[in-house]
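As stored in entry_17.csv (CSV, N, CA and C atoms):
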```csv
chain,number,residue,atom,x,y,z
E,1,MET,N,8.3,2.3,-21.9
E,1,MET,CA,8.4,1.0,-21.3
E,1,MET,C,7.4,1.0,-20.1
E,2,PRO,N,6.5,0.0,-20.1
E,2,PRO,CA,5.5,0.0,-19.1
E,2,PRO,C,6.1,-0.4,-17.7
E,3,GLU,N,5.4,0.1,-16.7
E,3,GLU,CA,5.9,-0.2,-15.3
E,3,GLU,C,5.6,-1.6,-15.0
E,4,THR,N,6.5,-2.2,-14.2
E,4,THR,CA,6.3,-3.6,-13.8
E,4,THR,C,5.1,-3.7,-12.8
E,5,ILE,N,4.6,-4.9,-12.7
E,5,ILE,CA,3.5,-5.1,-11.8
E,5,ILE,C,3.9,-4.7,-10.3
E,6,GLU,N,5.2,-5.0,-10.0
E,6,GLU,CA,5.7,-4.7,-8.7
E,6,GLU,C,5.6,-3.2,-8.4
E,7,ILE,N,6.0,-2.4,-9.3
E,7,ILE,CA,6.0,-0.9,-9.1
E,7,ILE,C,4.5,-0.5,-9.0
E,8,GLN,N,3.6,-1.0,-9.8
E,8,GLN,CA,2.2,-0.6,-9.7
E,8,GLN,C,1.6,-1.0,-8.4
E,9,LEU,N,2.0,-2.2,-7.9
E,9,LEU,CA,1.5,-2.7,-6.6
E,9,LEU,C,2.0,-1.8,-5.5
E,10,LYS,N,3.2,-1.5,-5.5
E,10,LYS,CA,3.8,-0.7,-4.4
E,10,LYS,C,3.1,0.7,-4.4
E,11,LYS,N,2.9,1.3,-5.5
E,11,LYS,CA,2.2,2.6,-5.6
E,11,LYS,C,0.8,2.4,-5.0
E,12,GLY,N,0.1,1.3,-5.4
E,12,GLY,CA,-1.2,1.1,-5.0
E,12,GLY,C,-1.4,0.9,-3.5
E,13,VAL,N,-0.4,0.3,-2.8
E,13,VAL,CA,-0.6,0.0,-1.4
E,13,VAL,C,0.2,1.0,-0.5
E,14,LEU,N,0.9,2.0,-1.1
E,14,LEU,CA,1.7,2.9,-0.3
E,14,LEU,C,0.9,3.6,0.8
E,15,THR,N,-0.2,4.2,0.5
E,15,THR,CA,-1.0,4.9,1.5
E,15,THR,C,-1.4,3.9,2.6
E,16,LEU,N,-1.9,2.7,2.2
E,16,LEU,CA,-2.3,1.7,3.2
E,16,LEU,C,-1.1,1.4,4.1
E,17,CYS,N,0.1,1.2,3.6
E,17,CYS,CA,1.2,0.9,4.4
E,17,CYS,C,1.5,2.1,5.4
E,18,VAL,N,1.5,3.3,4.9
E,18,VAL,CA,1.7,4.5,5.8
E,18,VAL,C,0.7,4.6,6.9
E,19,LEU,N,-0.6,4.4,6.5
E,19,LEU,CA,-1.6,4.4,7.5
E,19,LEU,C,-1.4,3.3,8.6
E,20,ALA,N,-1.0,2.1,8.1
E,20,ALA,CA,-0.8,1.0,9.1
E,20,ALA,C,0.4,1.4,10.0
E,21,LEU,N,1.5,1.9,9.5
E,21,LEU,CA,2.6,2.3,10.3
E,21,LEU,C,2.2,3.4,11.4
E,22,LEU,N,1.5,4.4,10.9
E,22,LEU,CA,1.1,5.4,11.8
E,22,LEU,C,0.0,4.9,12.8
E,23,ASN,N,-0.7,3.9,12.5
E,23,ASN,CA,-1.6,3.3,13.5
E,23,ASN,C,-0.9,2.7,14.6
E,24,ARG,N,0.3,2.2,14.4
E,24,ARG,CA,1.2,1.6,15.5
E,24,ARG,C,1.7,2.7,16.4
E,25,HIS,N,2.2,3.8,15.8
E,25,HIS,CA,2.8,4.9,16.5
E,25,HIS,C,3.0,6.1,15.6
E,26,ASP,N,3.0,7.3,16.2
E,26,ASP,CA,3.3,8.5,15.5
E,26,ASP,C,4.7,8.4,15.0
E,27,SER,N,5.0,9.1,13.9
E,27,SER,CA,6.3,8.9,13.3
E,27,SER,C,6.6,10.2,12.4
E,28,TYR,N,7.9,10.3,12.0
E,28,TYR,CA,8.2,11.4,11.1
E,28,TYR,C,8.5,10.8,9.7
E,29,ALA,N,8.5,11.6,8.7
E,29,ALA,CA,8.5,11.1,7.3
E,29,ALA,C,9.8,10.3,7.0
E,30,TYR,N,10.9,10.7,7.5
E,30,TYR,CA,12.1,9.9,7.2
E,30,TYR,C,12.1,8.5,7.8
E,31,GLU,N,11.6,8.4,9.0
E,31,GLU,CA,11.4,7.1,9.7
E,31,GLU,C,10.4,6.2,8.9
E,32,ILE,N,9.3,6.8,8.4
E,32,ILE,CA,8.4,6.1,7.6
E,32,ILE,C,9.0,5.6,6.3
E,33,ALA,N,9.8,6.5,5.7
E,33,ALA,CA,10.4,6.2,4.4
E,33,ALA,C,11.4,5.1,4.6
E,34,ALA,N,12.2,5.1,5.7
E,34,ALA,CA,13.2,4.1,6.0
E,34,ALA,C,12.6,2.8,6.2
E,35,THR,N,11.5,2.7,7.0
E,35,THR,CA,10.8,1.5,7.2
E,35,THR,C,10.2,0.9,5.9
E,36,LEU,N,9.6,1.7,5.1
E,36,LEU,CA,9.1,1.2,3.8
E,36,LEU,C,10.1,0.8,2.8
E,37,SER,N,11.3,1.5,2.9
E,37,SER,CA,12.4,1.2,2.1
E,37,SER,C,12.9,-0.2,2.4
E,38,ASP,N,12.9,-0.5,3.7
E,38,ASP,CA,13.4,-1.9,4.1
E,38,ASP,C,12.3,-2.9,3.8
E,39,ALA,N,11.1,-2.6,4.0
E,39,ALA,CA,10.0,-3.6,3.9
E,39,ALA,C,9.6,-3.9,2.5
E,40,ILE,N,9.4,-2.8,1.7
E,40,ILE,CA,8.9,-3.0,0.3
E,40,ILE,C,9.8,-2.3,-0.8
E,41,ASP,N,11.0,-1.9,-0.4
E,41,ASP,CA,11.9,-1.3,-1.3
E,41,ASP,C,11.3,-0.1,-2.0
E,42,MET,N,10.6,0.8,-1.2
E,42,MET,CA,10.0,2.0,-1.7
E,42,MET,C,10.9,3.2,-1.5
E,43,GLY,N,11.1,4.0,-2.5
E,43,GLY,CA,12.1,5.1,-2.4
E,43,GLY,C,11.6,6.2,-1.5
E,44,GLU,N,12.5,6.8,-0.8
E,44,GLU,CA,12.2,7.9,0.1
E,44,GLU,C,11.5,9.1,-0.6
E,45,GLY,N,11.8,9.4,-1.8
E,45,GLY,CA,11.2,10.5,-2.5
E,45,GLY,C,9.7,10.4,-2.7
E,46,THR,N,9.1,9.2,-2.6
E,46,THR,CA,7.7,9.1,-2.8
E,46,THR,C,6.9,9.4,-1.5
E,47,ILE,N,7.6,9.4,-0.4
E,47,ILE,CA,6.9,9.5,0.9
E,47,ILE,C,6.5,11.0,1.1
E,48,TYR,N,7.3,11.9,0.9
E,48,TYR,CA,7.1,13.3,1.2
E,48,TYR,C,5.8,13.9,0.5
E,49,PRO,N,5.7,13.7,-0.8
E,49,PRO,CA,4.4,14.2,-1.4
E,49,PRO,C,3.2,13.4,-0.9
E,50,LEU,N,3.4,12.1,-0.6
E,50,LEU,CA,2.2,11.4,-0.1
E,50,LEU,C,1.8,11.9,1.3
E,51,MET,N,2.8,12.2,2.1
E,51,MET,CA,2.4,12.7,3.5
E,51,MET,C,1.7,14.1,3.3
E,52,ARG,N,2.2,14.9,2.4
E,52,ARG,CA,1.5,16.2,2.2
E,52,ARG,C,0.0,16.0,1.8
E,53,ARG,N,-0.2,15.0,0.8
E,53,ARG,CA,-1.5,14.7,0.3
E,53,ARG,C,-2.4,14.2,1.4
E,54,MET,N,-1.8,13.3,2.2
E,54,MET,CA,-2.6,12.7,3.3
E,54,MET,C,-3.0,13.7,4.4
E,55,GLN,N,-2.1,14.7,4.6
E,55,GLN,CA,-2.4,15.8,5.5
E,55,GLN,C,-3.5,16.7,4.9
E,56,SER,N,-3.4,17.0,3.6
E,56,SER,CA,-4.5,17.9,3.0
E,56,SER,C,-5.8,17.1,2.9
E,57,ASP,N,-5.8,15.8,2.9
E,57,ASP,CA,-7.0,15.0,2.8
E,57,ASP,C,-7.6,14.7,4.2
E,58,GLY,N,-6.8,15.2,5.3
E,58,GLY,CA,-7.3,15.1,6.6
E,58,GLY,C,-7.1,13.7,7.3
E,59,GLN,N,-6.3,12.9,6.7
E,59,GLN,CA,-6.0,11.6,7.2
E,59,GLN,C,-4.9,11.6,8.3
E,60,VAL,N,-4.0,12.6,8.2
E,60,VAL,CA,-3.0,12.7,9.2
E,60,VAL,C,-2.9,14.2,9.7
E,61,GLU,N,-2.4,14.4,10.9
E,61,GLU,CA,-2.1,15.7,11.3
E,61,GLU,C,-0.6,15.7,11.8
E,62,THR,N,-0.1,16.9,12.0
E,62,THR,CA,1.3,17.0,12.3
E,62,THR,C,1.5,17.8,13.6
E,63,TYR,N,2.7,17.5,14.2
E,63,TYR,CA,3.1,18.3,15.4
E,63,TYR,C,4.6,18.2,15.4
E,64,MET,N,5.2,19.2,16.0
E,64,MET,CA,6.7,19.3,16.1
E,64,MET,C,7.2,18.8,17.4
E,65,VAL,N,8.4,18.1,17.3
E,65,VAL,CA,9.0,17.6,18.5
E,65,VAL,C,10.5,18.1,18.5
E,66,GLU,N,10.9,18.7,19.6
E,66,GLU,CA,12.2,19.2,19.7
E,66,GLU,C,13.2,18.0,19.7
E,67,SER,N,14.4,18.2,19.1
E,67,SER,CA,15.4,17.2,19.1
E,67,SER,C,16.6,17.8,19.7
E,68,ALA,N,17.3,17.0,20.6
E,68,ALA,CA,18.5,17.4,21.3
E,68,ALA,C,19.7,17.3,20.3
E,69,SER,N,19.5,16.5,19.3
E,69,SER,CA,20.6,16.3,18.3
E,69,SER,C,20.5,17.0,17.0
E,70,GLY,N,19.6,17.9,16.9
E,70,GLY,CA,19.4,18.6,15.6
E,70,GLY,C,18.1,19.4,15.6
E,71,PRO,N,17.6,19.7,14.4
E,71,PRO,CA,16.4,20.5,14.3
E,71,PRO,C,15.2,19.7,14.8
E,72,SER,N,14.1,20.5,15.1
E,72,SER,CA,12.8,19.8,15.4
E,72,SER,C,12.3,18.9,14.3
E,73,ARG,N,11.6,17.9,14.7
E,73,ARG,CA,11.1,17.0,13.7
E,73,ARG,C,9.6,17.1,13.6
E,74,LYS,N,9.0,17.0,12.4
E,74,LYS,CA,7.6,17.1,12.2
E,74,LYS,C,7.1,15.6,12.3
E,75,TYR,N,6.3,15.4,13.3
E,75,TYR,CA,5.7,14.0,13.5
E,75,TYR,C,4.3,14.0,12.9
E,76,TYR,N,3.9,12.9,12.4
E,76,TYR,CA,2.6,12.6,11.8
E,76,TYR,C,1.8,11.7,12.7
E,77,ARG,N,0.5,11.9,12.9
E,77,ARG,CA,-0.3,11.0,13.6
E,77,ARG,C,-1.6,10.9,12.8
E,78,LEU,N,-2.3,9.7,13.0
E,78,LEU,CA,-3.5,9.5,12.3
E,78,LEU,C,-4.6,10.3,13.0
E,79,THR,N,-5.5,10.8,12.1
E,79,THR,CA,-6.8,11.4,12.6
E,79,THR,C,-7.9,10.3,12.6
E,80,ASP,N,-9.0,10.7,13.0
E,80,ASP,CA,-10.2,9.8,12.9
E,80,ASP,C,-10.4,9.4,11.5
E,81,ALA,N,-10.3,10.4,10.6
E,81,ALA,CA,-10.5,10.1,9.1
E,81,ALA,C,-9.4,9.1,8.7
E,82,GLY,N,-8.2,9.2,9.2
E,82,GLY,CA,-7.1,8.3,8.8
E,82,GLY,C,-7.4,6.9,9.3
E,83,ARG,N,-7.9,6.8,10.5
E,83,ARG,CA,-8.2,5.4,11.0
E,83,ARG,C,-9.3,4.8,10.2
E,84,ALA,N,-10.3,5.6,9.8
E,84,ALA,CA,-11.4,5.1,9.0
E,84,ALA,C,-10.9,4.7,7.6
E,85,ALA,N,-10.0,5.5,7.1
E,85,ALA,CA,-9.4,5.1,5.8
E,85,ALA,C,-8.6,3.8,5.9
E,86,LEU,N,-7.8,3.7,7.0
E,86,LEU,CA,-7.1,2.4,7.3
E,86,LEU,C,-8.0,1.2,7.3
E,87,ASP,N,-9.1,1.3,8.0
E,87,ASP,CA,-10.1,0.2,8.1
E,87,ASP,C,-10.6,-0.1,6.7
E,88,ALA,N,-11.0,0.9,6.0
E,88,ALA,CA,-11.6,0.7,4.7
E,88,ALA,C,-10.6,0.1,3.7
E,89,GLN,N,-9.4,0.6,3.7
E,89,GLN,CA,-8.4,0.1,2.8
E,89,GLN,C,-7.9,-1.2,3.1
E,90,THR,N,-7.8,-1.5,4.4
E,90,THR,CA,-7.4,-2.9,4.9
E,90,THR,C,-8.4,-3.9,4.4
E,91,SER,N,-9.7,-3.6,4.5
E,91,SER,CA,-10.8,-4.5,4.1
E,91,SER,C,-10.7,-4.7,2.6
E,92,GLU,N,-10.5,-3.6,1.8
E,92,GLU,CA,-10.4,-3.7,0.4
E,92,GLU,C,-9.2,-4.5,0.0
E,93,TRP,N,-8.0,-4.3,0.6
E,93,TRP,CA,-6.8,-5.0,0.3
E,93,TRP,C,-7.0,-6.5,0.5
E,94,ARG,N,-7.5,-6.9,1.7
E,94,ARG,CA,-7.7,-8.3,2.0
E,94,ARG,C,-8.6,-9.0,1.0
E,95,ALA,N,-9.7,-8.3,0.7
E,95,ALA,CA,-10.7,-8.9,-0.3
E,95,ALA,C,-10.0,-9.0,-1.7
E,96,PHE,N,-9.2,-8.0,-2.1
E,96,PHE,CA,-8.5,-8.1,-3.3
E,96,PHE,C,-7.4,-9.2,-3.3
E,97,ALA,N,-6.7,-9.3,-2.2
E,97,ALA,CA,-5.6,-10.3,-2.1
E,97,ALA,C,-6.3,-11.7,-2.2
E,98,ARG,N,-7.4,-11.9,-1.5
E,98,ARG,CA,-8.1,-13.2,-1.6
E,98,ARG,C,-8.5,-13.5,-3.0
E,99,ALA,N,-9.1,-12.5,-3.7
E,99,ALA,CA,-9.5,-12.7,-5.1
E,99,ALA,C,-8.3,-13.1,-6.0
E,100,VAL,N,-7.2,-12.4,-5.8
E,100,VAL,CA,-6.0,-12.7,-6.6
E,100,VAL,C,-5.5,-14.1,-6.3
E,101,GLU,N,-5.5,-14.5,-5.0
E,101,GLU,CA,-5.0,-15.8,-4.6
E,101,GLU,C,-5.9,-16.9,-5.3
E,102,SER,N,-7.2,-16.6,-5.3
E,102,SER,CA,-8.1,-17.6,-5.8
E,102,SER,C,-7.9,-17.8,-7.3
E,103,VAL,N,-7.6,-16.7,-8.0
E,103,VAL,CA,-7.3,-16.8,-9.4
E,103,VAL,C,-6.0,-17.5,-9.6
E,104,LEU,N,-5.0,-17.2,-8.8
E,104,LEU,CA,-3.7,-17.8,-9.0
E,104,LEU,C,-3.8,-19.3,-8.6
E,105,ASP,N,-4.5,-19.7,-7.6
E,105,ASP,CA,-4.6,-21.1,-7.2
E,105,ASP,C,-5.3,-21.9,-8.3
E,106,GLY,N,-6.2,-21.2,-9.1
E,106,GLY,CA,-6.9,-21.9,-10.2
E,106,GLY,C,-6.2,-21.7,-11.5
E,107,ALA,N,-5.0,-21.1,-11.5
E,107,ALA,CA,-4.3,-20.7,-12.7
E,107,ALA,C,-3.8,-21.8,-13.6
E,108,ALA,N,-3.6,-23.0,-13.0
E,108,ALA,CA,-3.2,-24.1,-13.9
E,108,ALA,C,-4.3,-24.4,-14.9
E,109,PRO,N,-3.9,-24.4,-16.2
E,109,PRO,CA,-5.0,-24.6,-17.2
E,109,PRO,C,-5.6,-26.0,-17.1
E,110,ALA,N,-6.9,-26.0,-17.1
E,110,ALA,CA,-7.6,-27.3,-17.1
E,110,ALA,C,-7.4,-28.0,-18.4
E,111,ALA,N,-7.4,-29.3,-18.4
E,111,ALA,CA,-7.2,-30.0,-19.6
E,111,ALA,C,-8.3,-29.7,-20.5
E,112,ALA,N,-8.0,-29.5,-21.8
E,112,ALA,CA,-9.0,-29.2,-22.8
E,112,ALA,C,-9.9,-30.4,-23.0
E,113,PRO,N,-11.2,-30.2,-23.1
E,113,PRO,CA,-12.0,-31.4,-23.4
E,113,PRO,C,-11.6,-32.1,-24.7
E,114,ALA,N,-11.7,-33.3,-24.7
E,114,ALA,CA,-11.4,-34.1,-25.9
E,114,ALA,C,-12.4,-33.8,-27.0
E,115,VAL,N,-11.9,-33.6,-28.2
E,115,VAL,CA,-12.7,-33.3,-29.3
E,115,VAL,C,-12.7,-34.5,-30.2
E,116,LYS,N,-13.9,-35.0,-30.6
E,116,LYS,CA,-13.9,-36.1,-31.5
E,116,LYS,C,-14.5,-35.7,-32.8
E,117,LYS,N,-13.9,-36.2,-33.9
E,117,LYS,CA,-14.4,-35.8,-35.2
E,117,LYS,C,-15.5,-36.6,-35.6
E,118,THR,N,-16.5,-36.0,-36.3
E,118,THR,CA,-17.6,-36.7,-36.8
E,118,THR,C,-17.8,-36.2,-38.2
E,119,ASP,N,-18.8,-36.7,-38.9
E,119,ASP,CA,-19.1,-36.3,-40.2
E,119,ASP,C,-19.5,-34.8,-40.3
E,120,LYS,N,-20.1,-34.4,-39.2
E,120,LYS,CA,-20.6,-33.0,-39.1
E,120,LYS,C,-19.6,-32.0,-38.6
E,121,GLY,N,-18.4,-32.4,-38.3
E,121,GLY,CA,-17.3,-31.5,-37.8
E,121,GLY,C,-17.0,-31.9,-36.4
E,122,ALA,N,-16.4,-31.0,-35.7
E,122,ALA,CA,-15.9,-31.2,-34.4
E,122,ALA,C,-17.1,-31.2,-33.4
E,123,GLU,N,-17.2,-32.1,-32.5
E,123,GLU,CA,-18.1,-32.1,-31.4
E,123,GLU,C,-17.5,-32.4,-30.1
E,124,LEU,N,-18.1,-32.0,-29.1
E,124,LEU,CA,-17.5,-32.3,-27.7
E,124,LEU,C,-18.1,-33.6,-27.3
```

Could you show the structure in this file as structure tokens?
Amino acid sequence: MPETIEIQLKKGVLTLCVLALLNRHDSYAYEIAATLSDAIDMGEGTIYPLMRRMQSDGQVETYMVESASGPSRKYYRLTDAGRAALDAQTSEWRAFARAVESVLDGAAPAAAPAVKKTDKGAEL
């Protein structure tokens, strides 16, 4: 069974969303997952592999923060490469969204041109 467009779109913008969240403030993976779960109904399990990939790609770096109520938390922050990726992906997303909107706005089918019959067949 093919994935729905909603699932495909979520996967496609997940990195962009994480970069945008981390651009606002450093965060830990569970907090990012909870925010995205609320905002776009994205499951927590998809965040951890993505965070590892973003770290290996050099878009984020980590540091530990002691917690009085439990174990230390691994926080993520954007690197310069992450900020550059955010800028590039934001531009790409906005251009893509504008293009989709223009297609959708023009999606109502135009009336087909009238066809009149002649001796030679159909003509416009």

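Going from atom N of Ile7 of chain E over to atom C of Asp41 of chain E, you cover 9.3 Å.
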
Members of segment 8-114 of chain E assigned alpha helix (DSSP H) by DSSP, as a ChimeraX atom specification: /E:8-24,29-40,47-56,80-105

All strand (DSSP E) positions in segment 38-70 of chain E, as a list in words: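 Of segment 38-70 of chain E, only Val60, Glu61, Thr62, Tyr63, Met64, Val65, Glu66, Ser67 and Gly70 of chain E fall in strand (DSSP E).
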
Spatial neighbours of segment 50-62 of chain E, 6 Å, only N, CA and C atoms, chain gap at least 4 places, as a PyMOL selection string: chain E and resi 46+74-79+81-82

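Restricting the calculation to only N, CA and C atoms, the smallest distance between Leu86 of chain E and any of E:Met64, E:Lys10, E:Thr4, E:Leu19 is found for E:Leu19.
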
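Reported to one decimal place, the separation of atom C of Arg24 of chain E from atom N of Ala88 of chain E is 16.5 Å.
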
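Between atom CA of Asn23 of chain E and atom CA of Glu6 of chain E there is a distance of 24.7 Å.
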
Selected residue of minimal separation from Ala85 of chain E among E:Ala20, E:Ser69, E:Ile5, E:Lys11, counting only C-alpha atoms: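 Result for the nearest residue to Ala85 of chain E: E:Ala20.
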
E:Gly70, E:Gly106, E:Gly12, E:Gly45 ranked by distance to Ala33 of chain E, top pick (using only C-alpha atoms):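 Ranked by minimum distance to Ala33 of chain E, first place goes to E:Gly45.
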
Given only C-alpha atoms as the counted atoms, nearest of E:Ala68, E:Leu16, E:Val103, E:Ile47 to Glu31 of chain E: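 When distances to Glu31 of chain E are compared using only C-alpha atoms, the smallest one comes from E:Ile47.
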
Coordinates of segment 86-108 of chain E, N, CA, C and O atoms, as a compact mmCIF listing (two decimals), in the first residue's frame:
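The resulting file, decode_32.txt, is shown below:
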```txt
# COMPACT_ATOMS: atom_id res chain seq x y z
N LEU E 86 19.59 25.21 7.16
CA LEU E 86 18.28 25.79 7.46
C LEU E 86 17.93 26.87 6.44
O LEU E 86 16.82 26.89 5.90
N ASP E 87 18.87 27.76 6.16
CA ASP E 87 18.61 28.83 5.19
C ASP E 87 18.29 28.25 3.81
O ASP E 87 17.32 28.67 3.17
N ALA E 88 19.09 27.29 3.37
CA ALA E 88 18.89 26.70 2.05
C ALA E 88 17.56 25.95 1.98
O ALA E 88 16.79 26.12 1.02
N GLN E 89 17.27 25.13 2.99
CA GLN E 89 16.04 24.35 2.98
C GLN E 89 14.80 25.23 3.12
O GLN E 89 13.76 24.94 2.54
N THR E 90 14.91 26.31 3.89
CA THR E 90 13.79 27.24 4.02
C THR E 90 13.47 27.87 2.67
O THR E 90 12.31 27.96 2.27
N SER E 91 14.49 28.31 1.96
CA SER E 91 14.29 28.89 0.62
C SER E 91 13.67 27.88 -0.33
O SER E 91 12.73 28.20 -1.07
N GLU E 92 14.20 26.66 -0.30
CA GLU E 92 13.66 25.61 -1.17
C GLU E 92 12.21 25.31 -0.83
O GLU E 92 11.37 25.16 -1.71
N TRP E 93 11.89 25.21 0.48
CA TRP E 93 10.52 24.91 0.90
C TRP E 93 9.56 26.01 0.45
O TRP E 93 8.49 25.74 -0.07
N ARG E 94 9.95 27.26 0.66
CA ARG E 94 9.06 28.37 0.31
C ARG E 94 8.83 28.43 -1.20
O ARG E 94 7.71 28.67 -1.64
N ALA E 95 9.87 28.19 -1.99
CA ALA E 95 9.71 28.18 -3.45
C ALA E 95 8.80 27.01 -3.86
O ALA E 95 7.92 27.17 -4.71
N PHE E 96 9.01 25.86 -3.25
CA PHE E 96 8.19 24.69 -3.55
C PHE E 96 6.73 24.93 -3.17
O PHE E 96 5.81 24.66 -3.95
N ALA E 97 6.52 25.49 -1.97
CA ALA E 97 5.15 25.75 -1.51
C ALA E 97 4.45 26.75 -2.43
O ALA E 97 3.27 26.58 -2.74
N ARG E 98 5.17 27.78 -2.87
CA ARG E 98 4.58 28.75 -3.81
C ARG E 98 4.20 28.07 -5.12
O ARG E 98 3.13 28.33 -5.68
N ALA E 99 5.07 27.19 -5.61
CA ALA E 99 4.79 26.49 -6.87
C ALA E 99 3.56 25.59 -6.73
O ALA E 99 2.70 25.57 -7.62
N VAL E 100 3.47 24.87 -5.61
CA VAL E 100 2.31 24.01 -5.38
C VAL E 100 1.04 24.86 -5.28
O VAL E 100 0.01 24.53 -5.87
N GLU E 101 1.11 25.95 -4.54
CA GLU E 101 -0.06 26.84 -4.41
C GLU E 101 -0.50 27.35 -5.77
O GLU E 101 -1.70 27.42 -6.05
N SER E 102 0.44 27.71 -6.63
CA SER E 102 0.05 28.22 -7.95
C SER E 102 -0.63 27.14 -8.78
O SER E 102 -1.57 27.42 -9.52
N VAL E 103 -0.16 25.91 -8.64
CA VAL E 103 -0.82 24.81 -9.35
C VAL E 103 -2.21 24.58 -8.78
O VAL E 103 -3.19 24.43 -9.52
N LEU E 104 -2.32 24.57 -7.45
CA LEU E 104 -3.62 24.35 -6.82
C LEU E 104 -4.59 25.46 -7.14
O LEU E 104 -5.78 25.22 -7.38
N ASP E 105 -4.12 26.71 -7.13
CA ASP E 105 -5.00 27.83 -7.43
C ASP E 105 -5.53 27.76 -8.86
O ASP E 105 -6.63 28.21 -9.12
N GLY E 106 -4.75 27.19 -9.74
CA GLY E 106 -5.19 27.06 -11.13
C GLY E 106 -5.74 25.68 -11.42
O GLY E 106 -5.92 25.31 -12.57
N ALA E 107 -6.03 24.91 -10.37
CA ALA E 107 -6.42 23.51 -10.55
C ALA E 107 -7.83 23.33 -11.10
O ALA E 107 -8.14 22.28 -11.62
N ALA E 108 -8.68 24.36 -10.99
CA ALA E 108 -10.03 24.21 -11.55
C ALA E 108 -9.90 24.06 -13.06
O ALA E 108 -9.26 24.88 -13.71
```
